[in-house]
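S.K.: Provided herewith: my_file23.tsv, TSV, N, CA and C atoms.
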chain	number	residue	atom	x	y	z
A	1	MET	N	-20.80	-3.46	10.30
A	1	MET	CA	-19.46	-3.90	9.95
A	1	MET	C	-19.51	-5.34	9.48
A	2	ILE	N	-18.84	-5.59	8.38
A	2	ILE	CA	-18.74	-6.95	7.86
A	2	ILE	C	-17.48	-7.59	8.43
A	3	ILE	N	-17.65	-8.74	9.05
A	3	ILE	CA	-16.51	-9.49	9.58
A	3	ILE	C	-16.17	-10.60	8.59
A	4	ASP	N	-14.89	-10.70	8.27
A	4	ASP	CA	-14.36	-11.71	7.35
A	4	ASP	C	-14.93	-11.60	5.94
A	5	ASP	N	-15.04	-10.38	5.44
A	5	ASP	CA	-15.37	-10.18	4.03
A	5	ASP	C	-14.39	-11.02	3.21
A	6	PRO	N	-14.87	-11.81	2.26
A	6	PRO	CA	-13.99	-12.73	1.53
A	6	PRO	C	-12.80	-12.05	0.84
A	7	GLU	N	-13.01	-10.89	0.21
A	7	GLU	CA	-11.90	-10.20	-0.47
A	7	GLU	C	-10.87	-9.72	0.54
A	8	ALA	N	-11.35	-9.10	1.61
A	8	ALA	CA	-10.43	-8.58	2.63
A	8	ALA	C	-9.66	-9.72	3.29
A	9	LEU	N	-10.36	-10.80	3.60
A	9	LEU	CA	-9.71	-11.95	4.24
A	9	LEU	C	-8.66	-12.56	3.31
A	10	ALA	N	-8.99	-12.71	2.03
A	10	ALA	CA	-8.03	-13.28	1.08
A	10	ALA	C	-6.81	-12.38	0.92
A	11	SER	N	-7.02	-11.07	0.84
A	11	SER	CA	-5.87	-10.17	0.64
A	11	SER	C	-5.01	-10.07	1.89
A	12	LEU	N	-5.62	-10.12	3.08
A	12	LEU	CA	-4.80	-10.11	4.29
A	12	LEU	C	-4.05	-11.43	4.44
A	13	THR	N	-4.67	-12.52	4.09
A	13	THR	CA	-3.99	-13.81	4.13
A	13	THR	C	-2.77	-13.79	3.20
A	14	GLU	N	-2.94	-13.21	2.03
A	14	GLU	CA	-1.82	-13.09	1.08
A	14	GLU	C	-0.70	-12.23	1.67
A	15	ALA	N	-1.05	-11.14	2.33
A	15	ALA	CA	-0.04	-10.28	2.96
A	15	ALA	C	0.67	-11.02	4.09
A	16	SER	N	-0.07	-11.76	4.89
A	16	SER	CA	0.52	-12.55	5.97
A	16	SER	C	1.46	-13.61	5.41
A	17	ASP	N	1.04	-14.27	4.34
A	17	ASP	CA	1.90	-15.27	3.69
A	17	ASP	C	3.20	-14.63	3.20
A	18	ALA	N	3.08	-13.44	2.62
A	18	ALA	CA	4.27	-12.72	2.12
A	18	ALA	C	5.21	-12.38	3.28
A	19	TYR	N	4.64	-11.96	4.41
A	19	TYR	CA	5.47	-11.64	5.57
A	19	TYR	C	6.18	-12.89	6.08
A	20	GLU	N	5.46	-13.99	6.19
A	20	GLU	CA	6.07	-15.22	6.70
A	20	GLU	C	7.19	-15.70	5.78
A	21	ALA	N	6.99	-15.61	4.48
A	21	ALA	CA	8.05	-16.00	3.53
A	21	ALA	C	9.26	-15.08	3.67
A	22	ALA	N	9.01	-13.79	3.78
A	22	ALA	CA	10.10	-12.83	3.94
A	22	ALA	C	10.86	-13.08	5.25
A	23	LEU	N	10.13	-13.41	6.30
A	23	LEU	CA	10.76	-13.69	7.60
A	23	LEU	C	11.70	-14.89	7.49
A	24	GLN	N	11.25	-15.95	6.84
A	24	GLN	CA	12.06	-17.16	6.72
A	24	GLN	C	13.26	-16.98	5.81
A	25	HIS	N	13.18	-16.04	4.85
A	25	HIS	CA	14.29	-15.80	3.93
A	25	HIS	C	15.10	-14.56	4.29
A	26	ASN	N	14.79	-13.98	5.44
A	26	ASN	CA	15.47	-12.76	5.90
A	26	ASN	C	15.44	-11.67	4.81
A	27	ASP	N	14.29	-11.53	4.17
A	27	ASP	CA	14.07	-10.54	3.13
A	27	ASP	C	13.67	-9.22	3.82
A	28	LEU	N	14.68	-8.45	4.19
A	28	LEU	CA	14.45	-7.23	4.96
A	28	LEU	C	13.60	-6.22	4.21
A	29	ASP	N	13.78	-6.11	2.90
A	29	ASP	CA	13.01	-5.14	2.13
A	29	ASP	C	11.51	-5.45	2.17
A	30	THR	N	11.16	-6.71	1.98
A	30	THR	CA	9.74	-7.07	2.00
A	30	THR	C	9.16	-6.91	3.39
A	31	MET	N	9.88	-7.35	4.42
A	31	MET	CA	9.38	-7.16	5.79
A	31	MET	C	9.16	-5.68	6.07
A	32	ASP	N	10.11	-4.86	5.64
A	32	ASP	CA	10.00	-3.42	5.86
A	32	ASP	C	8.78	-2.85	5.15
A	33	GLN	N	8.54	-3.27	3.93
A	33	GLN	CA	7.39	-2.78	3.17
A	33	GLN	C	6.06	-3.17	3.80
A	34	LEU	N	6.04	-4.29	4.51
A	34	LEU	CA	4.79	-4.77	5.11
A	34	LEU	C	4.51	-4.15	6.47
A	35	PHE	N	5.44	-3.38	7.01
A	35	PHE	CA	5.19	-2.64	8.25
A	35	PHE	C	4.85	-1.19	7.91
A	36	TRP	N	3.99	-0.60	8.70
A	36	TRP	CA	3.62	0.81	8.54
A	36	TRP	C	4.86	1.65	8.78
A	37	ASP	N	5.19	2.50	7.85
A	37	ASP	CA	6.35	3.38	7.93
A	37	ASP	C	5.98	4.59	8.78
A	38	ASN	N	6.02	4.39	10.12
A	38	ASN	CA	5.56	5.42	11.03
A	38	ASN	C	6.23	5.26	12.39
A	39	SER	N	6.39	6.36	13.09
A	39	SER	CA	7.01	6.33	14.42
A	39	SER	C	6.10	5.68	15.46
A	40	ARG	N	4.83	5.46	15.15
A	40	ARG	CA	3.90	4.83	16.11
A	40	ARG	C	3.77	3.32	15.92
A	41	THR	N	4.45	2.76	14.93
A	41	THR	CA	4.45	1.32	14.74
A	41	THR	C	5.23	0.68	15.88
A	42	THR	N	4.72	-0.45	16.40
A	42	THR	CA	5.41	-1.13	17.50
A	42	THR	C	5.63	-2.60	17.15
A	43	ARG	N	6.73	-3.12	17.70
A	43	ARG	CA	7.03	-4.55	17.61
A	43	ARG	C	7.66	-4.94	18.93
A	44	PHE	N	6.93	-5.70	19.72
A	44	PHE	CA	7.43	-6.19	20.99
A	44	PHE	C	7.85	-7.64	20.78
A	45	GLY	N	9.15	-7.88	20.89
A	45	GLY	CA	9.69	-9.20	20.62
A	45	GLY	C	9.91	-9.99	21.90
A	46	ALA	N	10.51	-11.16	21.74
A	46	ALA	CA	10.78	-12.03	22.88
A	46	ALA	C	11.76	-11.38	23.86
A	47	ARG	N	12.63	-10.51	23.34
A	47	ARG	CA	13.65	-9.89	24.19
A	47	ARG	C	13.80	-8.39	23.96
A	48	GLU	N	12.91	-7.79	23.17
A	48	GLU	CA	13.10	-6.39	22.83
A	48	GLU	C	11.74	-5.71	22.67
A	49	ASN	N	11.72	-4.42	22.97
A	49	ASN	CA	10.56	-3.57	22.74
A	49	ASN	C	10.99	-2.50	21.74
A	50	LEU	N	10.35	-2.49	20.58
A	50	LEU	CA	10.73	-1.58	19.52
A	50	LEU	C	9.58	-0.62	19.25
A	51	HIS	N	9.89	0.66	19.32
A	51	HIS	CA	8.90	1.71	19.10
A	51	HIS	C	9.31	2.50	17.87
A	52	GLY	N	8.48	2.41	16.84
A	52	GLY	CA	8.75	3.16	15.61
A	52	GLY	C	9.47	2.31	14.59
A	53	ILE	N	9.19	2.63	13.32
A	53	ILE	CA	9.76	1.85	12.23
A	53	ILE	C	11.29	1.93	12.21
A	54	SER	N	11.88	3.03	12.68
A	54	SER	CA	13.34	3.14	12.69
A	54	SER	C	13.96	2.10	13.61
A	55	GLU	N	13.39	1.91	14.80
A	55	GLU	CA	13.92	0.91	15.73
A	55	GLU	C	13.71	-0.50	15.18
A	56	ILE	N	12.58	-0.74	14.52
A	56	ILE	CA	12.30	-2.05	13.94
A	56	ILE	C	13.30	-2.34	12.84
A	57	ARG	N	13.55	-1.38	11.97
A	57	ARG	CA	14.53	-1.57	10.89
A	57	ARG	C	15.91	-1.86	11.45
A	58	GLU	N	16.34	-1.08	12.42
A	58	GLU	CA	17.68	-1.26	13.00
A	58	GLU	C	17.82	-2.64	13.64
A	59	PHE	N	16.79	-3.08	14.35
A	59	PHE	CA	16.82	-4.40	14.96
A	59	PHE	C	17.03	-5.48	13.90
A	60	ARG	N	16.29	-5.40	12.82
A	60	ARG	CA	16.39	-6.42	11.77
A	60	ARG	C	17.77	-6.41	11.13
A	61	ILE	N	18.30	-5.22	10.89
A	61	ILE	CA	19.62	-5.10	10.26
A	61	ILE	C	20.69	-5.70	11.17
A	62	GLN	N	20.57	-5.47	12.48
A	62	GLN	CA	21.58	-5.93	13.43
A	62	GLN	C	21.44	-7.40	13.81
A	63	ARG	N	20.31	-8.03	13.51
A	63	ARG	CA	20.09	-9.42	13.91
A	63	ARG	C	20.87	-10.35	12.99
A	64	PRO	N	21.92	-11.01	13.51
A	64	PRO	CA	22.74	-11.87	12.65
A	64	PRO	C	21.95	-13.08	12.18
A	65	GLY	N	21.96	-13.31	10.87
A	65	GLY	CA	21.32	-14.50	10.31
A	65	GLY	C	19.81	-14.41	10.19
A	66	GLY	N	19.21	-13.33	10.61
A	66	GLY	CA	17.76	-13.19	10.51
A	66	GLY	C	17.03	-13.91	11.62
A	67	ALA	N	15.74	-14.08	11.42
A	67	ALA	CA	14.90	-14.74	12.42
A	67	ALA	C	15.25	-16.22	12.50
A	68	PRO	N	15.17	-16.80	13.69
A	68	PRO	CA	15.40	-18.25	13.80
A	68	PRO	C	14.37	-19.02	12.97
A	69	ALA	N	14.80	-20.12	12.38
A	69	ALA	CA	13.88	-20.96	11.59
A	69	ALA	C	12.79	-21.50	12.50
A	70	ARG	N	11.56	-21.51	11.95
A	70	ARG	CA	10.43	-21.98	12.75
A	70	ARG	C	9.41	-22.65	11.85
A	71	ASP	N	8.57	-23.44	12.50
A	71	ASP	CA	7.43	-24.06	11.83
A	71	ASP	C	6.17	-23.47	12.44
A	72	ASN	N	5.30	-22.95	11.59
A	72	ASN	CA	4.04	-22.41	12.08
A	72	ASN	C	3.07	-23.57	12.30
A	73	LEU	N	2.51	-23.61	13.50
A	73	LEU	CA	1.63	-24.70	13.89
A	73	LEU	C	0.16	-24.37	13.68
A	74	ARG	N	-0.17	-23.11	13.87
A	74	ARG	CA	-1.58	-22.69	13.77
A	74	ARG	C	-1.62	-21.20	13.48
A	75	ARG	N	-2.54	-20.81	12.59
A	75	ARG	CA	-2.70	-19.39	12.28
A	75	ARG	C	-4.19	-19.07	12.23
A	76	THR	N	-4.55	-17.97	12.86
A	76	THR	CA	-5.91	-17.47	12.83
A	76	THR	C	-5.88	-16.05	12.29
A	77	ILE	N	-6.69	-15.78	11.27
A	77	ILE	CA	-6.78	-14.44	10.70
A	77	ILE	C	-8.24	-14.01	10.71
A	78	ALA	N	-8.48	-12.77	11.11
A	78	ALA	CA	-9.82	-12.19	11.08
A	78	ALA	C	-9.71	-10.78	10.53
A	79	VAL	N	-10.70	-10.38	9.75
A	79	VAL	CA	-10.76	-9.00	9.27
A	79	VAL	C	-12.07	-8.37	9.74
A	80	PHE	N	-11.98	-7.09	10.02
A	80	PHE	CA	-13.11	-6.33	10.56
A	80	PHE	C	-13.33	-5.15	9.63
A	81	GLY	N	-14.40	-5.23	8.84
A	81	GLY	CA	-14.58	-4.24	7.80
A	81	GLY	C	-13.56	-4.51	6.71
A	82	PRO	N	-13.41	-3.59	5.77
A	82	PRO	CA	-12.52	-3.85	4.65
A	82	PRO	C	-11.04	-3.61	4.94
A	83	ASP	N	-10.71	-2.93	6.05
A	83	ASP	CA	-9.35	-2.43	6.19
A	83	ASP	C	-8.67	-2.69	7.53
A	84	HIS	N	-9.23	-3.53	8.39
A	84	HIS	CA	-8.61	-3.81	9.69
A	84	HIS	C	-8.57	-5.31	9.91
A	85	GLY	N	-7.44	-5.80	10.38
A	85	GLY	CA	-7.32	-7.23	10.59
A	85	GLY	C	-6.39	-7.60	11.72
A	86	HIS	N	-6.50	-8.85	12.12
A	86	HIS	CA	-5.69	-9.41	13.20
A	86	HIS	C	-5.20	-10.78	12.75
A	87	CYS	N	-3.94	-11.06	13.03
A	87	CYS	CA	-3.35	-12.35	12.69
A	87	CYS	C	-2.63	-12.89	13.92
A	88	ALA	N	-2.91	-14.14	14.27
A	88	ALA	CA	-2.25	-14.80	15.40
A	88	ALA	C	-1.65	-16.11	14.92
A	89	ILE	N	-0.39	-16.33	15.27
A	89	ILE	CA	0.33	-17.54	14.85
A	89	ILE	C	0.97	-18.19	16.07
A	90	GLU	N	0.80	-19.51	16.17
A	90	GLU	CA	1.55	-20.31	17.13
A	90	GLU	C	2.64	-21.01	16.33
A	91	PHE	N	3.87	-21.02	16.86
A	91	PHE	CA	4.99	-21.60	16.12
A	91	PHE	C	5.93	-22.35	17.05
A	92	ARG	N	6.81	-23.14	16.44
A	92	ARG	CA	7.86	-23.86	17.17
A	92	ARG	C	9.18	-23.57	16.47
A	93	TYR	N	10.18	-23.11	17.26
A	93	TYR	CA	11.51	-22.91	16.70
A	93	TYR	C	12.14	-24.26	16.39
A	94	ARG	N	12.76	-24.36	15.22
A	94	ARG	CA	13.36	-25.63	14.80
A	94	ARG	C	14.59	-25.98	15.63
A	95	GLY	N	15.39	-24.98	15.96
A	95	GLY	CA	16.66	-25.25	16.65
A	95	GLY	C	16.52	-25.79	18.05
A	96	ASN	N	15.60	-25.23	18.83
A	96	ASN	CA	15.51	-25.63	20.24
A	96	ASN	C	14.12	-26.13	20.64
A	97	GLY	N	13.18	-26.14	19.71
A	97	GLY	CA	11.85	-26.66	20.01
A	97	GLY	C	10.97	-25.74	20.82
A	98	ALA	N	11.45	-24.53	21.12
A	98	ALA	CA	10.66	-23.60	21.93
A	98	ALA	C	9.36	-23.23	21.20
A	99	LEU	N	8.30	-23.10	21.97
A	99	LEU	CA	7.00	-22.70	21.44
A	99	LEU	C	6.83	-21.20	21.58
A	100	GLY	N	6.31	-20.58	20.53
A	100	GLY	CA	6.13	-19.14	20.56
A	100	GLY	C	4.79	-18.73	19.99
A	101	ARG	N	4.50	-17.42	20.17
A	101	ARG	CA	3.26	-16.84	19.68
A	101	ARG	C	3.58	-15.50	19.03
A	102	GLN	N	2.85	-15.20	17.99
A	102	GLN	CA	3.00	-13.93	17.29
A	102	GLN	C	1.61	-13.38	17.02
A	103	THR	N	1.40	-12.13	17.36
A	103	THR	CA	0.16	-11.46	16.99
A	103	THR	C	0.53	-10.21	16.20
A	104	GLN	N	-0.29	-9.92	15.22
A	104	GLN	CA	-0.08	-8.72	14.40
A	104	GLN	C	-1.42	-8.04	14.18
A	105	MET	N	-1.40	-6.72	14.31
A	105	MET	CA	-2.53	-5.89	13.94
A	105	MET	C	-2.21	-5.30	12.59
A	106	TRP	N	-3.09	-5.50	11.62
A	106	TRP	CA	-2.89	-5.03	10.25
A	106	TRP	C	-3.95	-3.99	9.91
A	107	VAL	N	-3.56	-2.99	9.13
A	107	VAL	CA	-4.48	-1.99	8.61
A	107	VAL	C	-4.17	-1.80	7.13
A	108	ARG	N	-5.21	-1.71	6.32
A	108	ARG	CA	-4.99	-1.45	4.90
A	108	ARG	C	-4.90	0.06	4.72
A	109	LEU	N	-3.72	0.52	4.31
A	109	LEU	CA	-3.44	1.95	4.11
A	109	LEU	C	-3.08	2.17	2.65
A	110	ASP	N	-3.76	3.08	2.02
A	110	ASP	CA	-3.52	3.37	0.59
A	110	ASP	C	-3.55	2.09	-0.25
A	111	GLY	N	-4.48	1.21	0.09
A	111	GLY	CA	-4.68	0.00	-0.70
A	111	GLY	C	-3.77	-1.17	-0.38
A	112	ALA	N	-2.86	-1.02	0.59
A	112	ALA	CA	-1.92	-2.10	0.92
A	112	ALA	C	-1.97	-2.40	2.42
A	113	TRP	N	-1.96	-3.69	2.76
A	113	TRP	CA	-1.96	-4.10	4.16
A	113	TRP	C	-0.62	-3.81	4.80
A	114	ARG	N	-0.66	-3.26	6.01
A	114	ARG	CA	0.56	-2.93	6.77
A	114	ARG	C	0.38	-3.37	8.22
A	115	VAL	N	1.44	-3.92	8.79
A	115	VAL	CA	1.44	-4.24	10.22
A	115	VAL	C	1.64	-2.93	10.98
A	116	VAL	N	0.74	-2.65	11.91
A	116	VAL	CA	0.88	-1.44	12.73
A	116	VAL	C	1.33	-1.78	14.15
A	117	GLY	N	1.19	-3.05	14.52
A	117	GLY	CA	1.65	-3.49	15.83
A	117	GLY	C	1.86	-4.99	15.80
A	118	ALA	N	2.95	-5.45	16.43
A	118	ALA	CA	3.27	-6.87	16.47
A	118	ALA	C	3.81	-7.22	17.85
A	119	HIS	N	3.54	-8.44	18.26
A	119	HIS	CA	4.01	-8.92	19.56
A	119	HIS	C	4.41	-10.39	19.40
A	120	ILE	N	5.62	-10.70	19.81
A	120	ILE	CA	6.15	-12.05	19.76
A	120	ILE	C	6.52	-12.45	21.19
A	121	SER	N	6.09	-13.62	21.61
A	121	SER	CA	6.48	-14.10	22.95
A	121	SER	C	6.71	-15.60	22.89
A	122	LEU	N	7.50	-16.08	23.84
A	122	LEU	CA	7.80	-17.50	23.95
A	122	LEU	C	7.12	-18.06	25.19
A	123	LEU	N	6.64	-19.28	25.09
A	123	LEU	CA	6.05	-19.95	26.24
A	123	LEU	C	7.16	-20.47	27.14
A	124	PRO	N	6.94	-20.47	28.44
A	124	PRO	CA	7.97	-21.02	29.33
A	124	PRO	C	8.20	-22.49	29.02
A	125	THR	N	9.45	-22.94	29.17
A	125	THR	CA	9.76	-24.33	28.90
A	125	THR	C	9.62	-25.16	30.15
As structure tokens, what does this structure read like?
M.R.:
Amino acid sequence: MIIDDPEALASLTEASDAYEAALQHNDLDTMDQLFWDNSRTTRFGARENLHGISEIREFRIQRPGGAPARDNLRRTIAVFGPDHGHCAIEFRYRGNGALGRQTQMWVRLDGAWRVVGAHISLLPT
């Protein structure tokens, strides 16, 4: 297995950048496209556990104003072979200064990177 193949790493970094931009602009269509359209996709948030793309979509639609504004402090991306990757981000919310963490498991399906599992948590203040 090749770890951090340059093409795979560059394309996953591009997908992660697209997700982060969509998150900050509350671009629901792009965020939706970047998640695996499957009932086994998971997103565990700071206050919610979402199982399946339907629950993830509904959560985003119901969230007033989108995700809170944040500054990403550190990001680590690794790819394993051509089609599996992991992304970890440390961030700070702009409004209250809270520190948080986001991890995403990505898989390249039909030539496009998709999040298959995500976890967001906040550090105790």
S.K.: Compile the contact shell of segment 104-111 of chain A as JSON, numbers by chain: residues with an atom at most 8 Å away, counting only C-alpha atoms, same-chain residues fewer than 3 positions apart removed.
M.R.: {"A": [82, 83, 84, 85, 86, 87, 88, 114, 115, 116, 117, 118, 119]}
S.K.: Which one is closest to Ala69 of chain A: A:Thr30, A:Thr41, A:Gln24, A:Gly100? Count only N, CA and C atoms.
M.R.: A:Gln24
S.K.: Can you check which residues of segment 44-75 of chain A DSSP gives as strand (DSSP E) on the backbone and send them as an mmCIF file with N, CA and C atoms, keeping the file's coordinate frame?
M.R.:
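Result written to result-v9.cif:
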data_model
loop_
_atom_site.group_PDB
_atom_site.id
_atom_site.type_symbol
_atom_site.label_atom_id
_atom_site.label_comp_id
_atom_site.auth_asym_id
_atom_site.auth_seq_id
_atom_site.Cartn_x
_atom_site.Cartn_y
_atom_site.Cartn_z
ATOM 1 N N PHE A 44 6.930 -5.700 19.720
ATOM 2 C CA PHE A 44 7.430 -6.190 20.990
ATOM 3 C C PHE A 44 7.850 -7.640 20.780
ATOM 4 N N ASN A 49 11.720 -4.420 22.970
ATOM 5 C CA ASN A 49 10.560 -3.570 22.740
ATOM 6 C C ASN A 49 10.990 -2.500 21.740
ATOM 7 N N LEU A 50 10.350 -2.490 20.580
ATOM 8 C CA LEU A 50 10.730 -1.580 19.520
ATOM 9 C C LEU A 50 9.580 -0.620 19.250
ATOM 10 N N HIS A 51 9.890 0.660 19.320
ATOM 11 C CA HIS A 51 8.900 1.710 19.100
ATOM 12 C C HIS A 51 9.310 2.500 17.870
ATOM 13 N N ARG A 70 11.560 -21.510 11.950
ATOM 14 C CA ARG A 70 10.430 -21.980 12.750
ATOM 15 C C ARG A 70 9.410 -22.650 11.850
ATOM 16 N N ASP A 71 8.570 -23.440 12.500
ATOM 17 C CA ASP A 71 7.430 -24.060 11.830
ATOM 18 C C ASP A 71 6.170 -23.470 12.440
ATOM 19 N N ASN A 72 5.300 -22.950 11.590
ATOM 20 C CA ASN A 72 4.040 -22.410 12.080
ATOM 21 C C ASN A 72 3.070 -23.570 12.300
ATOM 22 N N LEU A 73 2.510 -23.610 13.500
ATOM 23 C CA LEU A 73 1.630 -24.700 13.890
ATOM 24 C C LEU A 73 0.160 -24.370 13.680
ATOM 25 N N ARG A 74 -0.170 -23.110 13.870
ATOM 26 C CA ARG A 74 -1.580 -22.690 13.770
ATOM 27 C C ARG A 74 -1.620 -21.200 13.480
ATOM 28 N N ARG A 75 -2.540 -20.810 12.590
ATOM 29 C CA ARG A 75 -2.700 -19.390 12.280
ATOM 30 C C ARG A 75 -4.190 -19.070 12.230
#
S.K.: Can you tell me, as a PyMOL selection string, what residues are no more than 7 Å from segment 45-56 of chain A when counting all atoms listed in the file, ignoring any on the same chain fewer than 2 positions away?
M.R.: chain A and resi 36-43+58-61+118-122
S.K.: Create the file for the chosen residues now, containing N, CA and C atoms and written as a PDB file, in the frame of the given file.
M.R.:
ATOM      1  N   TRP A  36       3.990  -0.600   8.700  1.00  0.00           N
ATOM      2  CA  TRP A  36       3.620   0.810   8.540  1.00  0.00           C
ATOM      3  C   TRP A  36       4.860   1.650   8.780  1.00  0.00           C
ATOM      4  N   ASP A  37       5.190   2.500   7.850  1.00  0.00           N
ATOM      5  CA  ASP A  37       6.350   3.380   7.930  1.00  0.00           C
ATOM      6  C   ASP A  37       5.980   4.590   8.780  1.00  0.00           C
ATOM      7  N   ASN A  38       6.020   4.390  10.120  1.00  0.00           N
ATOM      8  CA  ASN A  38       5.560   5.420  11.030  1.00  0.00           C
ATOM      9  C   ASN A  38       6.230   5.260  12.390  1.00  0.00           C
ATOM     10  N   SER A  39       6.390   6.360  13.090  1.00  0.00           N
ATOM     11  CA  SER A  39       7.010   6.330  14.420  1.00  0.00           C
ATOM     12  C   SER A  39       6.100   5.680  15.460  1.00  0.00           C
ATOM     13  N   ARG A  40       4.830   5.460  15.150  1.00  0.00           N
ATOM     14  CA  ARG A  40       3.900   4.830  16.110  1.00  0.00           C
ATOM     15  C   ARG A  40       3.770   3.320  15.920  1.00  0.00           C
ATOM     16  N   THR A  41       4.450   2.760  14.930  1.00  0.00           N
ATOM     17  CA  THR A  41       4.450   1.320  14.740  1.00  0.00           C
ATOM     18  C   THR A  41       5.230   0.680  15.880  1.00  0.00           C
ATOM     19  N   THR A  42       4.720  -0.450  16.400  1.00  0.00           N
ATOM     20  CA  THR A  42       5.410  -1.130  17.500  1.00  0.00           C
ATOM     21  C   THR A  42       5.630  -2.600  17.150  1.00  0.00           C
ATOM     22  N   ARG A  43       6.730  -3.120  17.700  1.00  0.00           N
ATOM     23  CA  ARG A  43       7.030  -4.550  17.610  1.00  0.00           C
ATOM     24  C   ARG A  43       7.660  -4.940  18.930  1.00  0.00           C
ATOM     25  N   GLU A  58      16.340  -1.080  12.420  1.00  0.00           N
ATOM     26  CA  GLU A  58      17.680  -1.260  13.000  1.00  0.00           C
ATOM     27  C   GLU A  58      17.820  -2.640  13.640  1.00  0.00           C
ATOM     28  N   PHE A  59      16.790  -3.080  14.350  1.00  0.00           N
ATOM     29  CA  PHE A  59      16.820  -4.400  14.960  1.00  0.00           C
ATOM     30  C   PHE A  59      17.030  -5.480  13.900  1.00  0.00           C
ATOM     31  N   ARG A  60      16.290  -5.400  12.820  1.00  0.00           N
ATOM     32  CA  ARG A  60      16.390  -6.420  11.770  1.00  0.00           C
ATOM     33  C   ARG A  60      17.770  -6.410  11.130  1.00  0.00           C
ATOM     34  N   ILE A  61      18.300  -5.220  10.890  1.00  0.00           N
ATOM     35  CA  ILE A  61      19.620  -5.100  10.260  1.00  0.00           C
ATOM     36  C   ILE A  61      20.690  -5.700  11.170  1.00  0.00           C
ATOM     37  N   ALA A 118       2.950  -5.450  16.430  1.00  0.00           N
ATOM     38  CA  ALA A 118       3.270  -6.870  16.470  1.00  0.00           C
ATOM     39  C   ALA A 118       3.810  -7.220  17.850  1.00  0.00           C
ATOM     40  N   HIS A 119       3.540  -8.440  18.260  1.00  0.00           N
ATOM     41  CA  HIS A 119       4.010  -8.920  19.560  1.00  0.00           C
ATOM     42  C   HIS A 119       4.410 -10.390  19.400  1.00  0.00           C
ATOM     43  N   ILE A 120       5.620 -10.700  19.810  1.00  0.00           N
ATOM     44  CA  ILE A 120       6.150 -12.050  19.760  1.00  0.00           C
ATOM     45  C   ILE A 120       6.520 -12.450  21.190  1.00  0.00           C
ATOM     46  N   SER A 121       6.090 -13.620  21.610  1.00  0.00           N
ATOM     47  CA  SER A 121       6.480 -14.100  22.950  1.00  0.00           C
ATOM     48  C   SER A 121       6.710 -15.600  22.890  1.00  0.00           C
ATOM     49  N   LEU A 122       7.500 -16.080  23.840  1.00  0.00           N
ATOM     50  CA  LEU A 122       7.800 -17.500  23.950  1.00  0.00           C
ATOM     51  C   LEU A 122       7.120 -18.060  25.190  1.00  0.00           C
TER      52      LEU A 122
END
S.K.: Counting only N, CA and C atoms, which of A:Thr13, A:Arg92, A:Ala98, A:Pro6 gets nearest to Thr125 of chain A?
M.R.: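 Checking each candidate against Thr125 of chain A, we get A:Ala98 as the closest.
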S.K.: Take atom CA of Gly65 of chain A and atom N of His25 of chain A and report the distance between them in Å, one decimal.
M.R.: 9.9 Å
S.K.: For Asp27 of chain A, list every protein, DNA or RNA residue within 8 Å, evaluated using all atoms listed in the file, and leave out those in the same chain fewer than 5 positions away; present the list as a list in words.
M.R.: Ala21, Ala22, Asp32, Gln33, Gly66 and Ala67 of chain A
S.K.: Interatomic distance between atom CA of Ser11 of chain A and atom CA of Thr76 of chain A?
M.R.: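 For atom CA of Ser11 of chain A relative to atom CA of Thr76 of chain A, the distance reads 14.2 Å.
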S.K.: Which distance in Å separates atom CA of Val79 of chain A and atom CA of Phe44 of chain A, to one decimal?
M.R.: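 Between atom CA of Val79 of chain A and atom CA of Phe44 of chain A the gap works out to 21.8 Å.
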S.K.: Put the listed atoms of segment 97-114 of chain A in a box along x, y and z with 3 Å added on every side and give me the centre and edge lengths in Å to one decimal, as JSON.
M.R.:
{"center_x": 4.0, "center_y": -11.6, "center_z": 10.6, "size_x": 24.4, "size_y": 36.0, "size_z": 28.7}
S.K.: So, counting only N, CA and C atoms, which residue among A:Leu73, A:Ala78, A:Phe91, A:Trp113 is closest to Ala15 of chain A?
M.R.: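 Selected residue with least distance to Ala15 of chain A: A:Trp113.
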